[in-house]
Amino acid sequence: MSDFMLLTADGLQRVEKLLFSTLQGTKEEENVNAMCMHVVRAGGKRLRPRLTLLSAAALIQDLDDKCSDAVERLAAAVELLHTASLIHDDVIDKASLRRGTCTLNETDGNHAAVLAGDYMFTRCFVLLHTLNCMPLFDSMAQTVSALVTGELEQLKRQGDLSVSEQDYRRTVYCKTGALFELACSGPAIFFKCENEKIEALKKYGRLLGQGFQVADDLLDYQGRSDNTGKDVGEDLSDGRITLPLIIALRDLGGKARADLAEAAKSGDFNRVSKTLDEVGALQKTQEFALQSAKEATEALNILPKSPYRDALCEIALKAALRSA
Ligand code: FPP
Ligand code: MG
C-alpha cells in the first residue's frame, strides 16, 4: 500500500462511517438513500477526502480529537459534493459505467439520478453546517458555482474544434481543480491559518487537479475500460475537445490537420487516437500533466517537512500518472 493510503487509512475509515451515517435519512427517504448508498459504496480511491486529512496533518501534526473530528466531517462533505457532481455528470454524459459499476442513470433513469444527486448535495451541506464555519461555507459555495460553470462551458463548446488551450485550462479548473482546491485548503481555512498557507494549499490543489484531469483526459484516449472503470472514448463521442486533440490540432497543418478534424467530427475514435499517438500529442499531454504535478508539489515548500507533506507530493505525481 502506498504511504498516502497508509497514513490516511484510519481517518478514512471514520470518514466512510460519516458518509453512510450522513446519508441515513428518515423512513420516507429510504429509496433515495439506497440509491446514494449504492454510489458511495462503489468507492474509488477517495482521493479528495484523503487530501483533506493529509493537508490537515501537514499543517498541524498533533491534532486533538475535536479538530480531527471536524477535519473528518469536512473530508466527508467534500466526498459527498464530489459524488453528487459525478451522479449529475453521468446524466449529462449519458455514461453507463462509473467506478466499475452501473451508473444511477443507467439503473434508475435520468430523473431519479438527478434527484439522488440533489439529495446527496444537500446532505453535504447538512454535514458542513455542523462545523459552524462561515468561510468554509463560502468556499464550498464558490466551488459549486465553479463546477456548474465548468460543466456549462463544456456543454457550450461541445464539438467546437477551435477550443484553445486556455479555454481548456479554465474548464479544467472549474470542473476539477476547484474541488481539489477546496479539499486541500479547507483545513487551513477551518484552522484560520495564515493566508500564505491557505493560498499555498489552494495552489497545490488547483495544480494537482489540473494534472489529474489532464491525465484523465489522456486515459480516455489510451485507457482500457477494465482499468479505468469507465468507458473509453467517451470524450470524443460526446464532443468534449480535450488537451490531446487540442495539441494535435495546434501542431498539425494543412491536409493532416483537416483529416484529423474530419475524423474527430465524425467520431472516428480509432483514427483520432492513432493520429494523436503518431504526432506525439499523447506524449505532450502526459508531460503537461507531470509539469502540473511538479508545480503543485513546489507550492508545498512553505509547509514544514513531514511524512504528510511527502504523501501530498506522492499523490500529485501519482494523479498525473493515474497510478494513485
Ligand atoms: C467529470 O468530468 C465531471 C466533473 C468533475 C464535474 C461535474 C459537475 C457537475 C455536473 C455540476 C454538479 C452540480 C452540483 C450542484 C452537484 P468528466 O465527464 O470529464 O469526467 P469522467 O470521465 O469522470 O466522467
Ligand atoms: Mg463524465
# chains A, B, ... in the order shown; residues from 1 in each chain; ligands from 1
$ residues_around --residues "Ala319 of chain A" --least-positions-apart "6" --cutoff "8 Å" --atoms "only C-alpha atoms" --output "PyMOL selection string"
chain A and resi 208+211-212+215+293
$ write_last_selection --atoms "C-alpha atoms" --output "PDB file, in the first residue's frame"
ATOM      1  CA  LEU A 208      -2.915  18.690  -8.604  1.00  0.00           C
ATOM      2  CA  GLY A 211      -2.634  17.183 -13.556  1.00  0.00           C
ATOM      3  CA  PHE A 212      -5.337  14.741 -12.517  1.00  0.00           C
ATOM      4  CA  ALA A 215      -4.271  12.558 -17.108  1.00  0.00           C
ATOM      5  CA  ALA A 293       2.218  17.903 -10.581  1.00  0.00           C
TER       6      ALA A 293
END
$ closest_atom_pairs --of "segment 29-75 of chain A" --to "segment 98-103 of chain A" --cutoff "10 Å" --atoms "only C-alpha atoms" --output "tab-separated table"
residue	atom	partner	partner_atom	distance
A:His38	CA	A:Thr101	CA	9.3
A:Val39	CA	A:Thr103	CA	7.8
A:Arg41	CA	A:Arg99	CA	9.9
A:Ala42	CA	A:Arg99	CA	6.2
A:Gly43	CA	A:Arg99	CA	7.1
A:Gly44	CA	A:Arg99	CA	6.2
A:Lys45	CA	A:Arg99	CA	9.6
$ closest_residue --among "A:Thr130, A:Ser21, A:Ser139, A:Ser96" --to "ligand 1" --atoms "only C-alpha atoms and all ligand atoms"
A:Ser96
$ residues_near_ligand --ligand "ligand 2" --cutoff "7 Å" --atoms "only C-alpha atoms and all ligand atoms" --output "JSON, numbers by chain"
{"A": [89, 90, 93, 95]}
$ closest_residue --among "A:Arg250, A:Lys27, A:His88, A:Arg73" --to "Gly11 of chain A" --atoms "only C-alpha atoms"
A:Arg73
$ residues_around --residues "Gln154 of chain A" --least-positions-apart "6" --cutoff "9 Å" --atoms "only C-alpha atoms" --output "list in words"
Tyr168, Thr171, Arg240 and Ile241 of chain A
$ write_last_selection --atoms "N, CA, C and O atoms" --output "PDB file, in the first residue's frame"
ATOM      1  N   TYR A 168      -9.528  25.411 -22.418  1.00  0.00           N
ATOM      2  CA  TYR A 168      -9.495  24.079 -21.817  1.00  0.00           C
ATOM      3  C   TYR A 168      -9.034  24.148 -20.359  1.00  0.00           C
ATOM      4  O   TYR A 168      -9.628  23.543 -19.472  1.00  0.00           O
ATOM      5  N   THR A 171     -11.753  25.446 -18.129  1.00  0.00           N
ATOM      6  CA  THR A 171     -12.782  24.433 -17.868  1.00  0.00           C
ATOM      7  C   THR A 171     -12.266  23.397 -16.872  1.00  0.00           C
ATOM      8  O   THR A 171     -12.982  22.982 -15.952  1.00  0.00           O
ATOM      9  N   ARG A 240     -16.450  16.341 -26.410  1.00  0.00           N
ATOM     10  CA  ARG A 240     -15.579  17.095 -25.495  1.00  0.00           C
ATOM     11  C   ARG A 240     -14.177  17.158 -26.090  1.00  0.00           C
ATOM     12  O   ARG A 240     -13.531  16.134 -26.290  1.00  0.00           O
ATOM     13  N   ILE A 241     -13.756  18.385 -26.379  1.00  0.00           N
ATOM     14  CA  ILE A 241     -12.444  18.551 -27.019  1.00  0.00           C
ATOM     15  C   ILE A 241     -11.418  18.769 -25.908  1.00  0.00           C
ATOM     16  O   ILE A 241     -11.430  19.811 -25.250  1.00  0.00           O
TER      17      ILE A 241
END
$ residues_around --residues "Asp138 of chain A" --least-positions-apart "4" --cutoff "12 Å" --atoms "only C-alpha atoms" --output "VMD selection string"
chain A and resid 125 128 to 129 132 to 134 142 to 145 182 186 189 to 190
$ residues_around --residues "segment 114-121 of chain A" --least-positions-apart "5" --cutoff "6 Å" --atoms "only C-alpha atoms" --output "PDB file with all heavy atoms, in the first residue's frame"
ATOM      1  N   VAL A  32     -34.221   7.045  -1.842  1.00  0.00           N
ATOM      2  CA  VAL A  32     -33.124   7.890  -2.299  1.00  0.00           C
ATOM      3  C   VAL A  32     -31.840   7.540  -1.541  1.00  0.00           C
ATOM      4  O   VAL A  32     -30.745   7.539  -2.107  1.00  0.00           O
ATOM      5  CB  VAL A  32     -33.510   9.393  -2.219  1.00  0.00           C
ATOM      6  CG1 VAL A  32     -33.618   9.896  -0.808  1.00  0.00           C
ATOM      7  CG2 VAL A  32     -32.510  10.248  -2.983  1.00  0.00           C
ATOM      8  N   LEU A  81     -19.969  16.051  -1.955  1.00  0.00           N
ATOM      9  CA  LEU A  81     -20.130  17.013  -3.058  1.00  0.00           C
ATOM     10  C   LEU A  81     -19.571  16.413  -4.354  1.00  0.00           C
ATOM     11  O   LEU A  81     -20.207  16.483  -5.408  1.00  0.00           O
ATOM     12  CB  LEU A  81     -19.419  18.334  -2.727  1.00  0.00           C
ATOM     13  CG  LEU A  81     -19.365  19.350  -3.867  1.00  0.00           C
ATOM     14  CD1 LEU A  81     -20.774  19.711  -4.350  1.00  0.00           C
ATOM     15  CD2 LEU A  81     -18.630  20.624  -3.449  1.00  0.00           C
ATOM     16  N   ALA A  84     -21.919  13.658  -5.622  1.00  0.00           N
ATOM     17  CA  ALA A  84     -23.149  14.247  -6.182  1.00  0.00           C
ATOM     18  C   ALA A  84     -22.868  14.809  -7.577  1.00  0.00           C
ATOM     19  O   ALA A  84     -23.667  14.637  -8.507  1.00  0.00           O
ATOM     20  CB  ALA A  84     -23.658  15.352  -5.262  1.00  0.00           C
ATOM     21  N   ILE A  87     -22.735  12.037 -10.115  1.00  0.00           N
ATOM     22  CA  ILE A  87     -24.061  11.497 -10.471  1.00  0.00           C
ATOM     23  C   ILE A  87     -24.681  12.388 -11.553  1.00  0.00           C
ATOM     24  O   ILE A  87     -25.198  11.902 -12.571  1.00  0.00           O
ATOM     25  CB  ILE A  87     -24.987  11.430  -9.224  1.00  0.00           C
ATOM     26  CG1 ILE A  87     -24.430  10.418  -8.209  1.00  0.00           C
ATOM     27  CG2 ILE A  87     -26.407  11.065  -9.626  1.00  0.00           C
ATOM     28  CD1 ILE A  87     -25.191  10.377  -6.877  1.00  0.00           C
ATOM     29  N   HIS A  88     -24.585  13.696 -11.360  1.00  0.00           N
ATOM     30  CA  HIS A  88     -25.130  14.629 -12.357  1.00  0.00           C
ATOM     31  C   HIS A  88     -24.332  14.555 -13.662  1.00  0.00           C
ATOM     32  O   HIS A  88     -24.897  14.595 -14.748  1.00  0.00           O
ATOM     33  CB  HIS A  88     -25.106  16.061 -11.809  1.00  0.00           C
ATOM     34  CG  HIS A  88     -26.193  16.330 -10.819  1.00  0.00           C
ATOM     35  ND1 HIS A  88     -26.359  17.543 -10.211  1.00  0.00           N
ATOM     36  CD2 HIS A  88     -27.171  15.543 -10.324  1.00  0.00           C
ATOM     37  CE1 HIS A  88     -27.403  17.505  -9.386  1.00  0.00           C
ATOM     38  NE2 HIS A  88     -27.900  16.289  -9.437  1.00  0.00           N
TER      39      HIS A  88
END
$ select_by_dssp --residues "segment 93-161 of chain A" --states "strand (DSSP E)" --output "number ranges by chain"
A: 97-98, 101-102
$ write_last_selection --atoms "N, CA, C and O atoms" --output "compact mmCIF listing (two decimals), in the first residue's frame"
# COMPACT_ATOMS: atom_id res chain seq x y z
N LEU A 97 -21.18 3.53 -17.06
CA LEU A 97 -20.26 2.85 -16.15
C LEU A 97 -19.44 3.87 -15.36
O LEU A 97 -18.94 4.84 -15.93
N ARG A 98 -19.34 3.65 -14.05
CA ARG A 98 -18.51 4.53 -13.21
C ARG A 98 -17.99 3.67 -12.07
O ARG A 98 -18.75 2.94 -11.46
N THR A 101 -19.03 0.14 -11.81
CA THR A 101 -20.42 -0.31 -11.65
C THR A 101 -21.35 0.56 -12.50
O THR A 101 -20.98 1.64 -12.96
N CYS A 102 -22.58 0.05 -12.65
CA CYS A 102 -23.56 0.78 -13.47
C CYS A 102 -23.89 2.12 -12.81
O CYS A 102 -23.99 2.21 -11.59
$ closest_residue --among "A:Lys255, A:His82, A:Lys197, A:Lys156" --to "ligand 1" --atoms "only C-alpha atoms and all ligand atoms"
A:His82
$ residues_around --residues "Gln24 of chain A" --least-positions-apart "6" --cutoff "10 Å" --atoms "only C-alpha atoms" --output "VMD selection string"
chain A and resid 18 30 32 to 34 36 to 37 123
$ closest_residue --among "A:Arg257, A:Arg271, A:Arg50, A:Lys305" --to "Gly233 of chain A" --atoms "only C-alpha atoms"
A:Arg271
$ closest_residue --among "A:Lys94, A:Leu249, A:Arg48, A:Asp62" --to "Ala316 of chain A" --atoms "only C-alpha atoms"
A:Arg48
$ residues_around --residues "Gln166 of chain A" --least-positions-apart "3" --cutoff "12 Å" --atoms "only C-alpha atoms" --output "PyMOL selection string"
chain A and resi 162-163+169-173+242-243+246-247
$ decode --residues "segment 240-252 of chain A" --atoms "all heavy atoms" --output "PDB file, in the first residue's frame"
ATOM      1  N   ARG A 240     -16.450  16.341 -26.410  1.00  0.00           N
ATOM      2  CA  ARG A 240     -15.579  17.095 -25.495  1.00  0.00           C
ATOM      3  C   ARG A 240     -14.177  17.158 -26.090  1.00  0.00           C
ATOM      4  O   ARG A 240     -13.531  16.134 -26.290  1.00  0.00           O
ATOM      5  CB  ARG A 240     -15.501  16.424 -24.110  1.00  0.00           C
ATOM      6  CG  ARG A 240     -16.649  16.782 -23.194  1.00  0.00           C
ATOM      7  CD  ARG A 240     -16.409  16.274 -21.790  1.00  0.00           C
ATOM      8  NE  ARG A 240     -16.278  14.823 -21.754  1.00  0.00           N
ATOM      9  CZ  ARG A 240     -17.291  13.984 -21.781  1.00  0.00           C
ATOM     10  NH1 ARG A 240     -18.523  14.438 -21.837  1.00  0.00           N
ATOM     11  NH2 ARG A 240     -17.092  12.676 -21.755  1.00  0.00           N
ATOM     12  N   ILE A 241     -13.756  18.385 -26.379  1.00  0.00           N
ATOM     13  CA  ILE A 241     -12.444  18.551 -27.019  1.00  0.00           C
ATOM     14  C   ILE A 241     -11.418  18.769 -25.908  1.00  0.00           C
ATOM     15  O   ILE A 241     -11.430  19.811 -25.250  1.00  0.00           O
ATOM     16  CB  ILE A 241     -12.453  19.750 -28.006  1.00  0.00           C
ATOM     17  CG1 ILE A 241     -13.697  19.693 -28.919  1.00  0.00           C
ATOM     18  CG2 ILE A 241     -11.162  19.812 -28.813  1.00  0.00           C
ATOM     19  CD1 ILE A 241     -13.859  18.434 -29.742  1.00  0.00           C
ATOM     20  N   THR A 242     -10.567  17.777 -25.712  1.00  0.00           N
ATOM     21  CA  THR A 242      -9.636  17.822 -24.580  1.00  0.00           C
ATOM     22  C   THR A 242      -8.195  18.010 -25.071  1.00  0.00           C
ATOM     23  O   THR A 242      -7.928  18.032 -26.280  1.00  0.00           O
ATOM     24  CB  THR A 242      -9.780  16.556 -23.719  1.00  0.00           C
ATOM     25  OG1 THR A 242      -9.528  15.428 -24.561  1.00  0.00           O
ATOM     26  CG2 THR A 242     -11.168  16.448 -23.105  1.00  0.00           C
ATOM     27  N   LEU A 243      -7.276  18.117 -24.120  1.00  0.00           N
ATOM     28  CA  LEU A 243      -5.908  18.517 -24.452  1.00  0.00           C
ATOM     29  C   LEU A 243      -5.216  17.691 -25.549  1.00  0.00           C
ATOM     30  O   LEU A 243      -4.579  18.284 -26.431  1.00  0.00           O
ATOM     31  CB  LEU A 243      -5.047  18.557 -23.182  1.00  0.00           C
ATOM     32  CG  LEU A 243      -3.713  19.284 -23.348  1.00  0.00           C
ATOM     33  CD1 LEU A 243      -3.888  20.741 -23.765  1.00  0.00           C
ATOM     34  CD2 LEU A 243      -2.899  19.230 -22.048  1.00  0.00           C
ATOM     35  N   PRO A 244      -5.306  16.353 -25.546  1.00  0.00           N
ATOM     36  CA  PRO A 244      -4.595  15.620 -26.606  1.00  0.00           C
ATOM     37  C   PRO A 244      -5.002  16.109 -28.013  1.00  0.00           C
ATOM     38  O   PRO A 244      -4.142  16.343 -28.872  1.00  0.00           O
ATOM     39  CB  PRO A 244      -5.021  14.167 -26.389  1.00  0.00           C
ATOM     40  CG  PRO A 244      -5.411  14.097 -24.949  1.00  0.00           C
ATOM     41  CD  PRO A 244      -5.991  15.434 -24.605  1.00  0.00           C
ATOM     42  N   LEU A 245      -6.303  16.289 -28.204  1.00  0.00           N
ATOM     43  CA  LEU A 245      -6.781  16.727 -29.515  1.00  0.00           C
ATOM     44  C   LEU A 245      -6.412  18.194 -29.778  1.00  0.00           C
ATOM     45  O   LEU A 245      -6.022  18.566 -30.901  1.00  0.00           O
ATOM     46  CB  LEU A 245      -8.303  16.514 -29.586  1.00  0.00           C
ATOM     47  CG  LEU A 245      -8.989  16.731 -30.922  1.00  0.00           C
ATOM     48  CD1 LEU A 245      -8.330  15.931 -32.047  1.00  0.00           C
ATOM     49  CD2 LEU A 245     -10.473  16.327 -30.836  1.00  0.00           C
ATOM     50  N   ILE A 246      -6.489  19.022 -28.753  1.00  0.00           N
ATOM     51  CA  ILE A 246      -6.139  20.446 -28.905  1.00  0.00           C
ATOM     52  C   ILE A 246      -4.665  20.569 -29.333  1.00  0.00           C
ATOM     53  O   ILE A 246      -4.331  21.329 -30.260  1.00  0.00           O
ATOM     54  CB  ILE A 246      -6.389  21.223 -27.581  1.00  0.00           C
ATOM     55  CG1 ILE A 246      -7.890  21.276 -27.279  1.00  0.00           C
ATOM     56  CG2 ILE A 246      -5.809  22.643 -27.647  1.00  0.00           C
ATOM     57  CD1 ILE A 246      -8.256  21.820 -25.897  1.00  0.00           C
ATOM     58  N   ILE A 247      -3.809  19.780 -28.688  1.00  0.00           N
ATOM     59  CA  ILE A 247      -2.379  19.838 -29.026  1.00  0.00           C
ATOM     60  C   ILE A 247      -2.150  19.383 -30.471  1.00  0.00           C
ATOM     61  O   ILE A 247      -1.432  20.037 -31.237  1.00  0.00           O
ATOM     62  CB  ILE A 247      -1.549  18.957 -28.050  1.00  0.00           C
ATOM     63  CG1 ILE A 247      -1.530  19.609 -26.661  1.00  0.00           C
ATOM     64  CG2 ILE A 247      -0.129  18.730 -28.564  1.00  0.00           C
ATOM     65  CD1 ILE A 247      -0.805  18.800 -25.585  1.00  0.00           C
ATOM     66  N   ALA A 248      -2.782  18.283 -30.857  1.00  0.00           N
ATOM     67  CA  ALA A 248      -2.570  17.758 -32.216  1.00  0.00           C
ATOM     68  C   ALA A 248      -3.069  18.755 -33.261  1.00  0.00           C
ATOM     69  O   ALA A 248      -2.389  19.009 -34.269  1.00  0.00           O
ATOM     70  CB  ALA A 248      -3.272  16.416 -32.370  1.00  0.00           C
ATOM     71  N   LEU A 249      -4.239  19.339 -33.017  1.00  0.00           N
ATOM     72  CA  LEU A 249      -4.781  20.315 -33.988  1.00  0.00           C
ATOM     73  C   LEU A 249      -3.897  21.555 -34.057  1.00  0.00           C
ATOM     74  O   LEU A 249      -3.756  22.175 -35.114  1.00  0.00           O
ATOM     75  CB  LEU A 249      -6.220  20.705 -33.609  1.00  0.00           C
ATOM     76  CG  LEU A 249      -7.282  19.617 -33.818  1.00  0.00           C
ATOM     77  CD1 LEU A 249      -8.597  19.990 -33.132  1.00  0.00           C
ATOM     78  CD2 LEU A 249      -7.518  19.348 -35.308  1.00  0.00           C
ATOM     79  N   ARG A 250      -3.279  21.897 -32.925  1.00  0.00           N
ATOM     80  CA  ARG A 250      -2.376  23.064 -32.880  1.00  0.00           C
ATOM     81  C   ARG A 250      -1.096  22.757 -33.655  1.00  0.00           C
ATOM     82  O   ARG A 250      -0.588  23.582 -34.411  1.00  0.00           O
ATOM     83  CB  ARG A 250      -2.040  23.371 -31.418  1.00  0.00           C
ATOM     84  CG  ARG A 250      -1.124  24.553 -31.198  1.00  0.00           C
ATOM     85  CD  ARG A 250      -0.516  24.514 -29.806  1.00  0.00           C
ATOM     86  NE  ARG A 250       0.403  23.392 -29.641  1.00  0.00           N
ATOM     87  CZ  ARG A 250       0.846  22.942 -28.462  1.00  0.00           C
ATOM     88  NH1 ARG A 250       0.426  23.482 -27.342  1.00  0.00           N
ATOM     89  NH2 ARG A 250       1.685  21.935 -28.400  1.00  0.00           N
ATOM     90  N   ASP A 251      -0.576  21.541 -33.493  1.00  0.00           N
ATOM     91  CA  ASP A 251       0.726  21.206 -34.082  1.00  0.00           C
ATOM     92  C   ASP A 251       0.665  20.815 -35.553  1.00  0.00           C
ATOM     93  O   ASP A 251       1.652  20.933 -36.273  1.00  0.00           O
ATOM     94  CB  ASP A 251       1.391  20.055 -33.299  1.00  0.00           C
ATOM     95  CG  ASP A 251       1.824  20.503 -31.898  1.00  0.00           C
ATOM     96  OD1 ASP A 251       1.695  21.715 -31.603  1.00  0.00           O
ATOM     97  OD2 ASP A 251       2.280  19.649 -31.119  1.00  0.00           O
ATOM     98  N   LEU A 252      -0.479  20.314 -35.988  1.00  0.00           N
ATOM     99  CA  LEU A 252      -0.580  19.868 -37.384  1.00  0.00           C
ATOM    100  C   LEU A 252      -1.000  21.027 -38.285  1.00  0.00           C
ATOM    101  O   LEU A 252      -1.618  21.988 -37.836  1.00  0.00           O
ATOM    102  CB  LEU A 252      -1.609  18.748 -37.510  1.00  0.00           C
ATOM    103  CG  LEU A 252      -1.192  17.368 -36.973  1.00  0.00           C
ATOM    104  CD1 LEU A 252      -2.390  16.433 -36.983  1.00  0.00           C
ATOM    105  CD2 LEU A 252      -0.058  16.791 -37.822  1.00  0.00           C
TER     106      LEU A 252
END
